[in-house]
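Trainee: Attaching a single structure in structure tokens format; questions to follow.
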Amino acid sequence: MGFNPDTLSVTEGKVKKGQFFSTLLNSLGLGASETYALSQACSSVFDVRSLRVGNGYRAYYSGSTLSYLVYDRDRQSCVVFDCHSPYRAWIYEKPITYVDRYVDVTINSSLWNDMIAADASPLLIVTLSDIYAWTIDFFGLQKGDQFKVLYQEKLCDGEVIAVDTVKYAVFSHGAQDFPVILYDQKDGGNLWWNEKGESMRKAFLKAPLQYSRISSGFTYARKHPITRKVQPHTGVDYAAPTGTPVMTIGDGVVVEKGYKGAGGNTVKIKHNSVYTTAYLHLSKYASGLKVGQRVKQGDVIGYVGSTGRSTGPHLDFRVWKNGTPINPLTMDSPPAEPIKEENKPAFEEAIKRYQQMVANVAVMEDAKAIFELL
């Protein structure tokens with residue numbers, strides 16, 4: 001496009017609060033009429049109203065004349081504005097590189113701290129929590145639990161911008177291992193499976209929210225904290241700050257929404273002919289939520305509160321199976337459709353390939369440790 005930054009002087013900055021495209025260009029030395037002409041010329045490439053506070057820019061000058069403005073649209077791309085007549089603009093996509101990584105993390109303090117200590121991106125935690133959402137309660141990890149993960153990092157300008165491709169992982173808790181294998185059946189469905197070819201996606205999420213602790217469990221003999229009477233508590237209380245989003249644990253239809261006395265603001269969802277769930281003491285409902293509405297697994301249906309008979313903000317979560325209350329913490333959630341029969345041979349080959357890659361890394365790590373001792 002004829003833009004050679006090496007021949008120009010540059011000034012760097014960030015978009016300030018209350019600053020518009022016009023005021024930014026004016027502050028950099030471009031006149032009002034020229035700024036208007038530039039904004040009109042680039043309208044098909046960039047909507048100047050989408051300028052975001054905090055995003056960086058670089059202004060390039062030929063002498064004292066503004067020649068080009070480079071605005072960082074996001075971490076992967078920028079918009080280059082030619083400030084000469086005829087005015088124009090174009091998108092520059094930054095080069096992306098992909099790097100295969102392997103990490104072996106044992107929980108000592110927290111997954112976050114231990115992941116960083118192992119020189120792994122914290123973004124990996126987000127991906128793992130999504131993959132294992134139906135198997136592992138990430139708020140219940142214990143000291144000694146272990147993750148071994150073969151994954152791919154996406155880098156731009158030397159920074160990790162995404163960790164969205166976990167190829168193989170094993171979570172170990174006590175004497176039990178929970179492996180996960182990446183395999184794409186090219187059907188637009190699930191990508192991660194256990195070693196049996198069962199989908200890592202289950203019918204229900206492990207928990208309906210991010211919580212700090214379980215303040216009360218499922219029991220038929222709990223002394224109520226307000227009435228002091230012994231009465232059943234056929235649900236699980238998750239302590240969490242007011243306003244914490246509450247998600248439906250599975251697809252279904254909203255069958256109740258309203259104030260339910262001691263339960264306060266409540267949403268009840270029928271998932272199928274077997275399972276129904278309820279979410280109690282909500283501070284408010286999700287915008288637009290109504291009875292009869294279909295919801296998808298992970299949709300926010302309300303927010304943690306303390307309405308009804310409650311001593312503090314928490315979610316009282318309840319599950320019924322065939323009309324009978326069951327303990328949400330111990331219910332068995334069946335997996336989604338397993339891997340197709342015709343894909344099993346290729347899937348098993350993928351397992352062997354990933355396991356060999358992990359074994360090779362382990363050998364290299366052992367050799368490195370021995371070398372460092374010499």
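In the structure tokens, the first chain shown is A, the next is B, and so on; residue numbers restart at 1 for each chain, and ligands run from 1 in the order shown.
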Would you give me, as a list in words, the residues in region 131-296 of chain A that DSSP reads as helix (DSSP H, G or I)?

Mentor: Ile131, Gly261, Ala262 and Gly263 of chain A

Trainee: Find the residues near region 285-302 of chain A: any atom within 9 Å, counting only C-alpha atoms, skip ones fewer than 5 places away on the same chain, and give them as a PyMOL selection string.

Mentor: chain A and resi 203-205+208+243-257+265-267+269+279

Trainee: Restricting the calculation to only C-alpha atoms, which member of A:Ile125, A:Arg58, A:Ala336, A:Leu155 is positioned closest to Asn190 (chain A)?

Mentor: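 Among the listed residues, the smallest separation from Asn190 (chain A) belongs to A:Ala336.
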
Trainee: Any idea what's packed within 9 Å of Gln19 (chain A), counting only C-alpha atoms, ignoring anything in its chain fewer than 3 positions away? Could you give it as a ChimeraX atom specification?

Mentor: /A:15-16,22-24,51-53
